Structures are given as structure tokens and as C-alpha cells.
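*Asks:* Got a file for you: entry-v6.pdb, PDB, C-alpha atoms.
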ATOM      1  CA  MET F 164       0.000   0.000   0.000
ATOM      2  CA  SER F 165       3.004   2.285   0.493
ATOM      3  CA  ASN F 166       3.808   2.576  -3.220
ATOM      4  CA  ARG F 167       0.559   2.444  -5.106
ATOM      5  CA  ASN F 168       0.893   2.074  -8.873
ATOM      6  CA  TYR F 169      -2.491   3.687  -9.285
ATOM      7  CA  LYS F 170      -4.834   5.577  -7.052
ATOM      8  CA  ASP F 171      -6.755   2.871  -5.246
ATOM      9  CA  SER F 172     -10.182   4.300  -4.473
ATOM     10  CA  VAL F 173     -13.678   3.040  -3.858
ATOM     11  CA  PHE F 174     -14.921   5.236  -6.709
ATOM     12  CA  VAL F 175     -12.507   3.754  -9.257
ATOM     13  CA  ASP F 176     -13.259   0.230  -8.078
ATOM     14  CA  LEU F 177     -17.026   0.685  -8.279
ATOM     15  CA  PHE F 178     -17.014   2.058 -11.822
ATOM     16  CA  SER F 179     -14.099   0.282 -13.486
ATOM     17  CA  LYS F 180     -12.813  -2.724 -11.526
ATOM     18  CA  ASP F 181     -15.577  -4.390  -9.538
ATOM     19  CA  LEU F 182     -17.726  -7.363 -10.511
ATOM     20  CA  HIS F 183     -20.582  -4.997 -11.388
ATOM     21  CA  ALA F 184     -18.398  -2.193 -12.768
ATOM     22  CA  LYS F 185     -19.852  -2.342 -16.294
ATOM     23  CA  GLU F 186     -23.425  -1.974 -15.065
ATOM     24  CA  ASN F 187     -22.378   0.823 -12.721
ATOM     25  CA  PHE F 188     -20.509   2.663 -15.460
ATOM     26  CA  ILE F 189     -23.388   2.383 -17.955
ATOM     27  CA  SER F 190     -25.752   3.708 -15.284
ATOM     28  CA  LEU F 191     -23.389   6.649 -14.721
ATOM     29  CA  TYR F 192     -23.125   7.315 -18.467
ATOM     30  CA  ASN F 193     -26.927   7.248 -18.821
ATOM     31  CA  ALA F 194     -27.253   9.704 -15.928
ATOM     32  CA  LEU F 195     -24.792  12.102 -17.563
ATOM     33  CA  HIS F 196     -26.434  11.948 -21.010
ATOM     34  CA  ARG F 197     -30.061  11.109 -20.186
ATOM     35  CA  THR F 198     -29.757   8.052 -22.403
ATOM     36  CA  ASN F 199     -30.865   4.482 -21.885
ATOM     37  CA  LEU F 200     -27.941   2.313 -22.946
ATOM     38  CA  ASP F 201     -28.369  -1.370 -22.176
ATOM     39  CA  PRO F 202     -25.390  -2.947 -20.343
ATOM     40  CA  VAL F 203     -26.005  -6.267 -22.083
ATOM     41  CA  ASN F 204     -25.908  -4.870 -25.621
ATOM     42  CA  THR F 205     -23.348  -2.096 -25.095
ATOM     43  CA  GLU F 206     -19.657  -2.803 -25.555
ATOM     44  CA  VAL F 207     -17.521  -1.126 -22.892
ATOM     45  CA  LYS F 208     -13.745  -1.498 -23.103
ATOM     46  CA  PRO F 209     -11.363  -0.124 -20.445
ATOM     47  CA  VAL F 210      -8.557   1.954 -21.985
ATOM     48  CA  MET F 211      -6.936   3.269 -18.804
ATOM     49  CA  LEU F 212      -3.281   4.285 -18.984
ATOM     50  CA  GLU F 213      -0.686   2.481 -16.910
ATOM     51  CA  LYS F 214       1.764   5.364 -17.006
ATOM     52  CA  VAL F 215       1.406   8.980 -18.079
ATOM     53  CA  LEU F 216       4.703  10.669 -18.869
ATOM     54  CA  TYR F 217       6.840  10.545 -15.713
ATOM     55  CA  MET F 218       4.053   9.747 -13.294
ATOM     56  CA  LYS F 219       3.768   6.292 -11.800
ATOM     57  CA  TYR F 220       0.003   6.531 -11.604
ATOM     58  CA  TYR F 221      -2.930   5.329 -13.635
ATOM     59  CA  ASN F 222      -5.536   7.781 -14.764
ATOM     60  CA  ASP F 223      -8.771   6.992 -12.956
ATOM     61  CA  ILE F 224     -11.313   5.809 -15.524
ATOM     62  CA  SER F 225     -11.193   5.709 -19.329
ATOM     63  CA  MET F 226     -13.825   3.701 -21.157
ATOM     64  CA  LEU F 227     -14.376   3.155 -24.868
ATOM     65  CA  ILE F 228     -18.082   2.784 -25.581
ATOM     66  CA  ASP F 229     -19.077   0.839 -28.712
ATOM     67  CA  GLY F 230     -15.826   2.006 -30.296
ATOM     68  CA  LYS F 231     -17.317   5.500 -30.750
ATOM     69  CA  ILE F 232     -16.856   7.472 -27.510
ATOM     70  CA  VAL F 233     -13.992   7.673 -25.019
ATOM     71  CA  VAL F 234     -15.221   8.780 -21.606
ATOM     72  CA  MET F 235     -12.414   9.891 -19.279
ATOM     73  CA  ILE F 236     -13.182  10.489 -15.603
ATOM     74  CA  GLU F 237     -11.064  11.684 -12.708
ATOM     75  CA  HIS F 238     -12.306  11.577  -9.117
ATOM     76  CA  GLN F 239     -10.969  14.343  -6.865
ATOM     77  CA  SER F 240     -11.417  15.738  -3.378
ATOM     78  CA  THR F 241      -9.510  18.859  -4.427
ATOM     79  CA  VAL F 242     -10.246  20.382  -7.830
ATOM     80  CA  ASN F 243      -7.124  20.782  -9.938
ATOM     81  CA  GLU F 244      -7.297  23.691 -12.384
ATOM     82  CA  ASN F 245      -4.750  21.902 -14.593
ATOM     83  CA  MET F 246      -7.123  19.059 -15.442
ATOM     84  CA  PRO F 247      -7.635  20.203 -19.074
ATOM     85  CA  PHE F 248      -3.880  19.902 -19.620
ATOM     86  CA  ARG F 249      -3.715  16.535 -17.876
ATOM     87  CA  PHE F 250      -6.617  15.229 -19.957
ATOM     88  CA  LEU F 251      -4.803  16.446 -23.076
ATOM     89  CA  GLU F 252      -1.882  14.219 -22.088
ATOM     90  CA  TYR F 253      -4.197  11.325 -21.328
ATOM     91  CA  ILE F 254      -6.292  11.399 -24.493
ATOM     92  CA  ALA F 255      -3.245  11.673 -26.771
ATOM     93  CA  ARG F 256      -1.869   8.484 -25.301
ATOM     94  CA  VAL F 257      -5.218   6.717 -25.385
ATOM     95  CA  TYR F 258      -5.466   7.497 -29.101
ATOM     96  CA  GLU F 259      -1.945   6.118 -29.571
ATOM     97  CA  LYS F 260      -3.001   3.021 -27.695
ATOM     98  CA  ILE F 261      -6.138   2.272 -29.709
ATOM     99  CA  THR F 262      -5.011   3.202 -33.250
ATOM    100  CA  PRO F 263      -2.592   1.073 -35.310
ATOM    101  CA  THR F 264       0.717   2.816 -36.044
ATOM    102  CA  LYS F 265       0.542   2.183 -39.776
ATOM    103  CA  GLU F 266      -2.867   3.871 -39.978
ATOM    104  CA  ARG F 267      -1.594   6.970 -38.177
ATOM    105  CA  PHE F 268       1.063   7.458 -40.840
ATOM    106  CA  GLY F 269      -1.165   6.537 -43.765
ATOM    107  CA  ARG F 270      -2.725   9.053 -46.153
ATOM    108  CA  LYS F 271      -6.281   8.023 -45.408
ATOM    109  CA  GLN F 272      -7.899   9.845 -42.510
ATOM    110  CA  ILE F 273      -8.388   7.604 -39.495
ATOM    111  CA  LYS F 274     -11.546   7.800 -37.402
ATOM    112  CA  LEU F 275     -11.186   8.568 -33.710
ATOM    113  CA  PRO F 276     -13.779   8.030 -30.966
ATOM    114  CA  LYS F 277     -15.104  11.315 -29.614
ATOM    115  CA  PRO F 278     -13.634  12.202 -26.194
ATOM    116  CA  GLU F 279     -15.533  13.364 -23.124
ATOM    117  CA  PHE F 280     -13.808  14.658 -19.991
ATOM    118  CA  TYR F 281     -15.223  14.710 -16.470
ATOM    119  CA  VAL F 282     -14.036  15.404 -12.950
ATOM    120  CA  PHE F 283     -16.230  14.116 -10.123
ATOM    121  CA  TYR F 284     -15.625  16.271  -7.067
ATOM    122  CA  ASN F 285     -16.520  15.294  -3.498
ATOM    123  CA  GLY F 286     -14.233  17.470  -1.386
ATOM    124  CA  ILE F 287     -15.272  19.404   1.720
ATOM    125  CA  GLU F 288     -14.698  22.859   0.244
ATOM    126  CA  ASP F 289     -17.719  24.616  -1.206
ATOM    127  CA  PHE F 290     -17.893  24.211  -4.971
ATOM    128  CA  PRO F 291     -20.596  24.867  -7.582
ATOM    129  CA  LEU F 292     -22.941  22.101  -8.684
ATOM    130  CA  GLU F 293     -21.162  22.021 -12.044
ATOM    131  CA  LYS F 294     -18.347  23.986 -13.655
ATOM    132  CA  GLU F 295     -16.371  23.810 -16.888
ATOM    133  CA  LEU F 296     -12.597  24.134 -17.119
ATOM    134  CA  TYR F 297     -10.929  25.070 -20.422
ATOM    135  CA  LEU F 298      -7.447  24.379 -21.717
ATOM    136  CA  SER F 299      -7.480  27.769 -23.481
ATOM    137  CA  ASP F 300      -7.570  29.527 -20.091
ATOM    138  CA  ALA F 301      -3.961  28.412 -19.647
ATOM    139  CA  PHE F 302      -2.735  29.845 -22.957
ATOM    140  CA  ILE F 303      -0.374  32.822 -22.979
ATOM    141  CA  TYR F 304      -1.476  35.702 -25.217
ATOM    142  CA  SER F 305       0.544  38.649 -26.475
ATOM    143  CA  ASP F 306      -0.367  42.224 -25.593
ATOM    144  CA  LYS F 307      -2.183  42.570 -28.920
ATOM    145  CA  GLU F 308      -4.211  39.411 -28.484
ATOM    146  CA  SER F 309      -7.129  38.481 -26.314
ATOM    147  CA  LEU F 310      -9.094  35.317 -25.744
ATOM    148  CA  GLN F 311     -12.181  36.885 -27.293
ATOM    149  CA  ASP F 312     -10.628  37.789 -30.688
ATOM    150  CA  THR F 313      -8.219  34.887 -31.050
ATOM    151  CA  LYS F 314      -9.167  31.730 -32.855
ATOM    152  CA  ILE F 315      -8.263  28.876 -30.529
ATOM    153  CA  PRO F 316      -6.454  26.089 -32.419
ATOM    154  CA  LEU F 317      -6.743  23.589 -29.570
ATOM    155  CA  GLU F 318      -9.326  23.238 -26.831
ATOM    156  CA  ILE F 319     -10.157  20.755 -24.084
ATOM    157  CA  THR F 320     -13.346  21.215 -22.078
ATOM    158  CA  VAL F 321     -13.604  19.455 -18.731
ATOM    159  CA  LYS F 322     -16.909  19.246 -16.905
ATOM    160  CA  VAL F 323     -16.510  19.262 -13.119
ATOM    161  CA  VAL F 324     -19.477  17.649 -11.353
ATOM    162  CA  ASN F 325     -20.047  18.121  -7.625
ATOM    163  CA  ILE F 326     -21.290  14.775  -6.300
ATOM    164  CA  ASN F 327     -21.518  15.686  -2.612
ATOM    165  CA  ILE F 328     -24.820  14.391  -1.302
ATOM    166  CA  GLY F 329     -25.785  17.792   0.092
ATOM    167  CA  LYS F 330     -25.700  19.375  -3.373
ATOM    168  CA  ASP F 331     -28.515  17.084  -4.603
ATOM    169  CA  ASN F 332     -27.108  16.952  -8.126
ATOM    170  CA  PRO F 333     -29.679  15.450 -10.564
ATOM    171  CA  ILE F 334     -27.008  12.967 -11.640
ATOM    172  CA  LEU F 335     -27.236  11.391  -8.187
ATOM    173  CA  ARG F 336     -30.955  10.855  -8.620
ATOM    174  CA  ASN F 337     -30.374   9.080 -11.921
ATOM    175  CA  CYS F 338     -27.433   6.885 -10.880
ATOM    176  CA  LYS F 339     -28.160   4.820  -7.779
ATOM    177  CA  THR F 340     -24.581   3.600  -7.336
ATOM    178  CA  LEU F 341     -23.147   7.126  -7.470
ATOM    179  CA  ALA F 342     -25.748   8.380  -4.981
ATOM    180  CA  GLN F 343     -24.989   5.553  -2.566
ATOM    181  CA  TYR F 344     -21.253   6.116  -2.950
ATOM    182  CA  SER F 345     -21.749   9.781  -1.999
ATOM    183  CA  LYS F 346     -23.843   8.769   1.013
ATOM    184  CA  PHE F 347     -21.166   6.315   2.069
ATOM    185  CA  ILE F 348     -18.407   8.946   1.915
ATOM    186  CA  GLU F 349     -20.602  11.333   3.896
ATOM    187  CA  GLU F 350     -21.015   8.616   6.544
ATOM    188  CA  VAL F 351     -17.236   8.182   6.723
ATOM    189  CA  ARG F 352     -16.736  11.927   7.238
ATOM    190  CA  THR F 353     -19.438  12.102   9.896
ATOM    191  CA  LEU F 354     -17.927   9.300  11.963
ATOM    192  CA  ILE F 355     -14.451  10.834  11.665
ATOM    193  CA  LYS F 356     -15.787  14.154  12.973
ATOM    194  CA  GLU F 357     -17.514  12.352  15.840
ATOM    195  CA  GLY F 358     -14.192  10.839  16.870
ATOM    196  CA  HIS F 359     -14.957   7.139  16.454
ATOM    197  CA  SER F 360     -12.021   4.875  17.280
ATOM    198  CA  ASP F 361     -12.290   3.129  13.909
ATOM    199  CA  PRO F 362     -14.484   5.380  11.739
ATOM    200  CA  LEU F 363     -13.756   3.536   8.495
ATOM    201  CA  SER F 364     -14.868   0.130   9.747
ATOM    202  CA  ASP F 365     -17.822   1.695  11.560
ATOM    203  CA  ALA F 366     -18.903   3.505   8.386
ATOM    204  CA  ILE F 367     -18.828   0.239   6.438
ATOM    205  CA  THR F 368     -20.879  -1.557   9.109
ATOM    206  CA  GLN F 369     -23.387   1.292   9.393
ATOM    207  CA  SER F 370     -23.769   1.607   5.612
ATOM    208  CA  ILE F 371     -24.444  -2.118   5.218
ATOM    209  CA  LYS F 372     -27.088  -1.847   7.953
ATOM    210  CA  ASN F 373     -28.722   1.111   6.157
ATOM    211  CA  GLY F 374     -28.658  -0.522   2.714
ATOM    212  CA  ILE F 375     -25.978   1.781   1.300
ATOM    213  CA  LEU F 376     -23.742  -0.147  -1.131
ATOM    214  CA  SER F 377     -24.564  -3.109   1.104
ATOM    215  CA  GLU F 378     -23.893  -5.911  -1.401
ATOM    216  CA  TYR F 379     -20.608  -4.336  -2.464
ATOM    217  CA  LEU F 380     -19.452  -3.599   1.078
ATOM    218  CA  GLU F 381     -20.337  -7.066   2.322
ATOM    219  CA  ARG F 382     -18.230  -8.624  -0.432
ATOM    220  CA  LYS F 383     -15.252  -6.289  -0.113
ATOM    221  CA  SER F 384     -15.298  -4.770   3.367
ATOM    222  CA  LYS F 385     -11.590  -5.366   4.025
ATOM    223  CA  GLU F 386     -10.539  -4.080   0.587
ATOM    224  CA  VAL F 387     -12.770  -1.007   0.939
ATOM    225  CA  ARG F 388     -11.316  -0.210   4.351
ATOM    226  CA  ASN F 389      -7.785  -0.450   2.961
ATOM    227  CA  MET F 390      -8.702   1.733  -0.023
ATOM    228  CA  LEU F 391     -10.185   4.385   2.268
ATOM    229  CA  LEU F 392      -7.148   4.258   4.519
ATOM    230  CA  ALA F 393      -4.861   4.634   1.525
ATOM    231  CA  GLU F 394      -6.825   7.597   0.177
ATOM    232  CA  TYR F 395      -6.005   9.587   3.303
ATOM    233  CA  ASP F 396      -2.389   9.351   2.224
ATOM    234  CA  TYR F 397      -3.113  11.691  -0.717
ATOM    235  CA  ASP F 398      -5.018  14.897   0.028
ATOM    236  CA  THR F 399      -4.509  16.019  -3.553
ATOM    237  CA  ASP F 400      -4.856  13.791  -6.576
ATOM    238  CA  ILE F 401      -1.174  13.160  -7.315
ATOM    239  CA  ALA F 402       1.140  14.300  -4.558
ATOM    240  CA  VAL F 403       4.294  14.020  -6.669
ATOM    241  CA  GLN F 404       2.930  16.637  -9.057
ATOM    242  CA  ARG F 405       3.224  19.348  -6.444
ATOM    243  CA  LYS F 406       5.603  22.085  -7.458
ATOM    244  CA  GLU F 407       7.720  22.005  -4.343
ATOM    245  CA  ALA F 408       8.658  18.375  -5.008
ATOM    246  CA  TYR F 409      10.181  19.385  -8.335
ATOM    247  CA  ASP F 410      11.679  22.833  -7.569
ATOM    248  CA  ASP F 411      15.178  21.485  -7.972
ATOM    249  CA  GLY F 412      14.239  18.987 -10.645
ATOM    250  CA  LEU F 413      15.796  16.253  -8.558
ATOM    251  CA  GLU F 414      14.559  12.815  -7.656
ATOM    252  CA  THR F 415      15.413  13.527  -4.021
ATOM    253  CA  GLY F 416      12.896  16.353  -4.007
ATOM    254  CA  ARG F 417      10.195  14.041  -5.281
ATOM    255  CA  LYS F 418      10.958  11.440  -2.624
ATOM    256  CA  GLN F 419      11.019  14.032   0.143
ATOM    257  CA  GLY F 420       7.648  15.350  -0.969
ATOM    258  CA  ILE F 421       6.090  11.885  -0.858
ATOM    259  CA  GLU F 422       7.684  11.103   2.516
ATOM    260  CA  GLN F 423       6.367  14.342   4.015
ATOM    261  CA  GLU F 424       2.871  13.517   2.736
ATOM    262  CA  LYS F 425       3.063  10.166   4.515
ATOM    263  CA  ILE F 426       4.132  11.834   7.752
ATOM    264  CA  ASN F 427       1.345  14.420   7.555
ATOM    265  CA  THR F 428      -1.191  11.688   6.899
ATOM    266  CA  ALA F 429       0.105   9.561   9.774
ATOM    267  CA  LYS F 430      -0.335  12.515  12.135
ATOM    268  CA  LYS F 431      -3.945  12.946  10.997
ATOM    269  CA  LEU F 432      -4.691   9.259  11.478
ATOM    270  CA  LEU F 433      -3.071   9.290  14.942
ATOM    271  CA  SER F 434      -5.391  12.117  15.942
ATOM    272  CA  MET F 435      -8.314   9.972  14.730
ATOM    273  CA  GLY F 436      -7.291   7.233  17.168
ATOM    274  CA  LEU F 437      -6.249   4.584  14.647
ATOM    275  CA  SER F 438      -3.740   1.991  15.810
ATOM    276  CA  ILE F 439      -0.034   2.144  14.955
ATOM    277  CA  GLU F 440      -0.370  -1.025  12.881
ATOM    278  CA  GLN F 441      -3.291   0.382  10.845
ATOM    279  CA  ILE F 442      -1.430   3.625  10.160
ATOM    280  CA  SER F 443       1.715   1.781   9.132
ATOM    281  CA  GLU F 444      -0.295  -0.344   6.701
ATOM    282  CA  GLY F 445      -2.115   2.627   5.209
ATOM    283  CA  THR F 446       0.822   5.029   4.806
ATOM    284  CA  GLY F 447       3.770   2.724   4.208
ATOM    285  CA  LEU F 448       5.711   4.160   7.156
ATOM    286  CA  THR F 449       7.440   1.641   9.415
ATOM    287  CA  LEU F 450       6.025   0.857  12.846
ATOM    288  CA  GLU F 451       9.055   2.573  14.366
ATOM    289  CA  GLN F 452       8.441   5.761  12.376
ATOM    290  CA  VAL F 453       4.793   5.884  13.473
ATOM    291  CA  LYS F 454       5.772   5.278  17.109
ATOM    292  CA  LYS F 455       8.164   8.245  16.987
ATOM    293  CA  LEU F 456       5.397  10.453  15.587
ATOM    294  CA  GLN F 457       3.102   9.274  18.374
ATOM    295  CA  GLU F 458       5.720  10.211  20.980
TER     296      GLU F 458
END
Using C-alpha cells, write down the structure that the file contains.

*Replies:*
Amino acid sequence: MSNRNYKDSVFVDLFSKDLHAKENFISLYNALHRTNLDPVNTEVKPVMLEKVLYMKYYNDISMLIDGKIVVMIEHQSTVNENMPFRFLEYIARVYEKITPTKERFGRKQIKLPKPEFYVFYNGIEDFPLEKELYLSDAFIYSDKESLQDTKIPLEITVKVVNINIGKDNPILRNCKTLAQYSKFIEEVRTLIKEGHSDPLSDAITQSIKNGILSEYLERKSKEVRNMLLAEYDYDTDIAVQRKEAYDDGLETGRKQGIEQEKINTAKKLLSMGLSIEQISEGTGLTLEQVKKLQE
């Protein structure tokens, strides 16, 4: 758990990895588009990336639907304004992955599935119900240019969707799994605030009792607890992307940034009352390191 190759999360598991992931994803797609695709007759192919440039992380969810549409989704508790640029990196490599090399260099125009880009936000900071981010907002213009009178040669539009249960987004009403996921995360936060000794396990037990993701949680309670514990190790989406970790452009800076994130997380989990063993498992710190922090 200390060196995750991709961001383990309940959200990613529910919509791309789990036994019922295809049905869940189709339900989510239908909620976004007000369509009625049938999971049985719809082809859904995962096209997630194993590595993106220098990052040792998978992108969250990328699905090719009937060979015509690529839906790319990132799940975040902190909105990253650079998501249009990151999606630009992602989609270029997905296209490389799904198109034969000889066709790319041929004279005949190849056909590409249309891309769609989404961020599902469930952080604690107030955020609009929906918001769009544009790649063009990052472009540098000369003194004589402006965004209004300049033809934009390249654009990426990312739709950010607030899925917090309190926002009552219509998408939650149309996708049962997403709504229950949001309720589950809200339960986790509530129990943490109340100071439960093991809020993650208690949230799983309480959610099963209340019929929230009950079948899923009963099957994978241990895995879900570990995923939740691991998520606390990364307050932002990809810790190694933070500028301070790369100020010197050195690998040591990157490692120090990750190590500091682990220490900060361990301190938070200690204040929540979790055991030394649980914190060591979730952060990757040694038992001795956690004991020193406790002292």
C-alpha cells in the first residue's frame, strides 16, 4: 500500500474494476447523457493508462463505448485547475493506444472516438454544482491578443461535477450507485468528525445496515477499508505533481515530498485514534516511524 501504482479508491473500483463495474458505469453514463444504454448490448472497453509521462500513476477511468466514444473520468477531493492539460496528455496516449501505427502514418484519414472529460468532485470545500474548465484559459497571449478575438487552435473542455450528497445533483438521482457512494463517503466523514475509534470500519458496518452499497461492502469490506485508509495518504490527486517536489528537478525532491505527505497523513490518522499497525499499513511508514510520531 506504500507505493501504489495507481490511485486505489472506492470510486474507481465501483465504476471500473468491480464485478458490477460495467453496469455501474453504464448507469453513470446514462445519468450524464439522459440516455438508456443497455449494459447487455453495449460494448464497454477499459482503456486506462498504466503510465502517463513521468508519473507512476494510472488515470482513474477511461472507457471506450461501442468504439465510438472515449469517456475519461477523474475523481478528486480537491479540484485541480490543470485538469484540461492533464486530460490532453491522457487522451493523446489513449489514441496512440487504440489506433494502429501504420494507420496513423497513412494518407487516409483515421476515425477517432469522440472524447468526453469529467471530474467528479466530493471534497469538503464549497464548490458549484457544475463547472467547466478550459485548456485555453492556460494559454499565454501577447499584448495585442485576447481570448475573445483569437481563434483557438486547440481546446479541451472538462466538466466538473459536484457529487456531494448535500448538493442534490440530478445525476445522483439518476445513478443509484453514485448516490450511494456519496452517502457512504458522507457517513465516513461524519464518523471521523464524531471521533470514532475506527471510523472507516464503523462507516462500512453502518452503511451495510442502512442498505448503502450493502452488497458491495459485504463482499469487499476489508478491501474497501484499505482503499479508504490509503486515500487519506493523498489529500490532492497526485502528490508528486506538487511544485515544491520538483523545484530542484531532482529525484530527491520528489521522494522528500512523498515522505512528508506520509508523515502528515500519519499525524492525521493518529489524531483519529487509529492503531499504529493500521497507520503503518495505510501510509507505508514503518512501525518505528509511526511510534516516533506518536511520541

*Asks:* Step by step, gather every atom of segment 380-393 of chain F that the file lists, find the box along x, y and z that holds them, add 5 Å on each side, and finally give centre and edge lengths in Å to one decimal, as JSON.

*Replies:*
{"center_x": -12.6, "center_y": -2.0, "center_z": 2.0, "size_x": 25.5, "size_y": 23.3, "size_z": 15.0}

*Asks:* Just say which residues the PyMOL selection byres ((chain F and resi 246) around 12) picks in this file, as a PDB file with C-alpha atoms, in the coordinates of the input.

*Replies:*
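Listing of result09.pdb after writing:
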ATOM      1  CA  ASN F 222      -5.536   7.781 -14.764  1.00  0.00           C
ATOM      2  CA  MET F 235     -12.414   9.891 -19.279  1.00  0.00           C
ATOM      3  CA  ILE F 236     -13.182  10.489 -15.603  1.00  0.00           C
ATOM      4  CA  GLU F 237     -11.064  11.684 -12.708  1.00  0.00           C
ATOM      5  CA  HIS F 238     -12.306  11.577  -9.117  1.00  0.00           C
ATOM      6  CA  GLN F 239     -10.969  14.343  -6.865  1.00  0.00           C
ATOM      7  CA  THR F 241      -9.510  18.859  -4.427  1.00  0.00           C
ATOM      8  CA  VAL F 242     -10.246  20.382  -7.830  1.00  0.00           C
ATOM      9  CA  ASN F 243      -7.124  20.782  -9.938  1.00  0.00           C
ATOM     10  CA  GLU F 244      -7.297  23.691 -12.384  1.00  0.00           C
ATOM     11  CA  ASN F 245      -4.750  21.902 -14.593  1.00  0.00           C
ATOM     12  CA  PRO F 247      -7.635  20.203 -19.074  1.00  0.00           C
ATOM     13  CA  PHE F 248      -3.880  19.902 -19.620  1.00  0.00           C
ATOM     14  CA  ARG F 249      -3.715  16.535 -17.876  1.00  0.00           C
ATOM     15  CA  PHE F 250      -6.617  15.229 -19.957  1.00  0.00           C
ATOM     16  CA  LEU F 251      -4.803  16.446 -23.076  1.00  0.00           C
ATOM     17  CA  GLU F 252      -1.882  14.219 -22.088  1.00  0.00           C
ATOM     18  CA  TYR F 253      -4.197  11.325 -21.328  1.00  0.00           C
ATOM     19  CA  ILE F 254      -6.292  11.399 -24.493  1.00  0.00           C
ATOM     20  CA  PHE F 280     -13.808  14.658 -19.991  1.00  0.00           C
ATOM     21  CA  TYR F 281     -15.223  14.710 -16.470  1.00  0.00           C
ATOM     22  CA  VAL F 282     -14.036  15.404 -12.950  1.00  0.00           C
ATOM     23  CA  PHE F 283     -16.230  14.116 -10.123  1.00  0.00           C
ATOM     24  CA  GLU F 295     -16.371  23.810 -16.888  1.00  0.00           C
ATOM     25  CA  LEU F 296     -12.597  24.134 -17.119  1.00  0.00           C
ATOM     26  CA  TYR F 297     -10.929  25.070 -20.422  1.00  0.00           C
ATOM     27  CA  LEU F 298      -7.447  24.379 -21.717  1.00  0.00           C
ATOM     28  CA  SER F 299      -7.480  27.769 -23.481  1.00  0.00           C
ATOM     29  CA  ASP F 300      -7.570  29.527 -20.091  1.00  0.00           C
ATOM     30  CA  ALA F 301      -3.961  28.412 -19.647  1.00  0.00           C
ATOM     31  CA  ILE F 319     -10.157  20.755 -24.084  1.00  0.00           C
ATOM     32  CA  THR F 320     -13.346  21.215 -22.078  1.00  0.00           C
ATOM     33  CA  VAL F 321     -13.604  19.455 -18.731  1.00  0.00           C
ATOM     34  CA  LYS F 322     -16.909  19.246 -16.905  1.00  0.00           C
ATOM     35  CA  VAL F 323     -16.510  19.262 -13.119  1.00  0.00           C
ATOM     36  CA  ASP F 400      -4.856  13.791  -6.576  1.00  0.00           C
ATOM     37  CA  ILE F 401      -1.174  13.160  -7.315  1.00  0.00           C
TER      38      ILE F 401
END

*Asks:* Can you tell me, as a VMD selection string, what residues are no more than 12 Å from Tyr344 of chain F when counting only C-alpha atoms, ignoring any on the same chain fewer than 3 positions away?

*Replies:* chain F and resid 172 to 178 187 191 283 285 326 to 328 335 338 to 341 347 to 351 366 to 367 370 374 to 377 379 to 380 387

*Asks:* Do you have the atom CA of Leu292 of chain F-atom CA of Lys185 of chain F distance handy?

*Replies:*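 These atoms are spaced 25.8 Å apart.
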
*Asks:* Evaluated on this file, the PyMOL selection byres ((chain F and resi 227) around 9) picks out some residues - which ones are they, written as a list in words?

*Replies:*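 Here the PyMOL selection byres ((chain F and resi 227) around 9) matches Glu206, Val207, Lys208, Pro209, Val210, Ser225, Met226, Ile228, Asp229, Gly230, Lys231, Ile232, Val233, Val234, Met235 and Pro276 of chain F.
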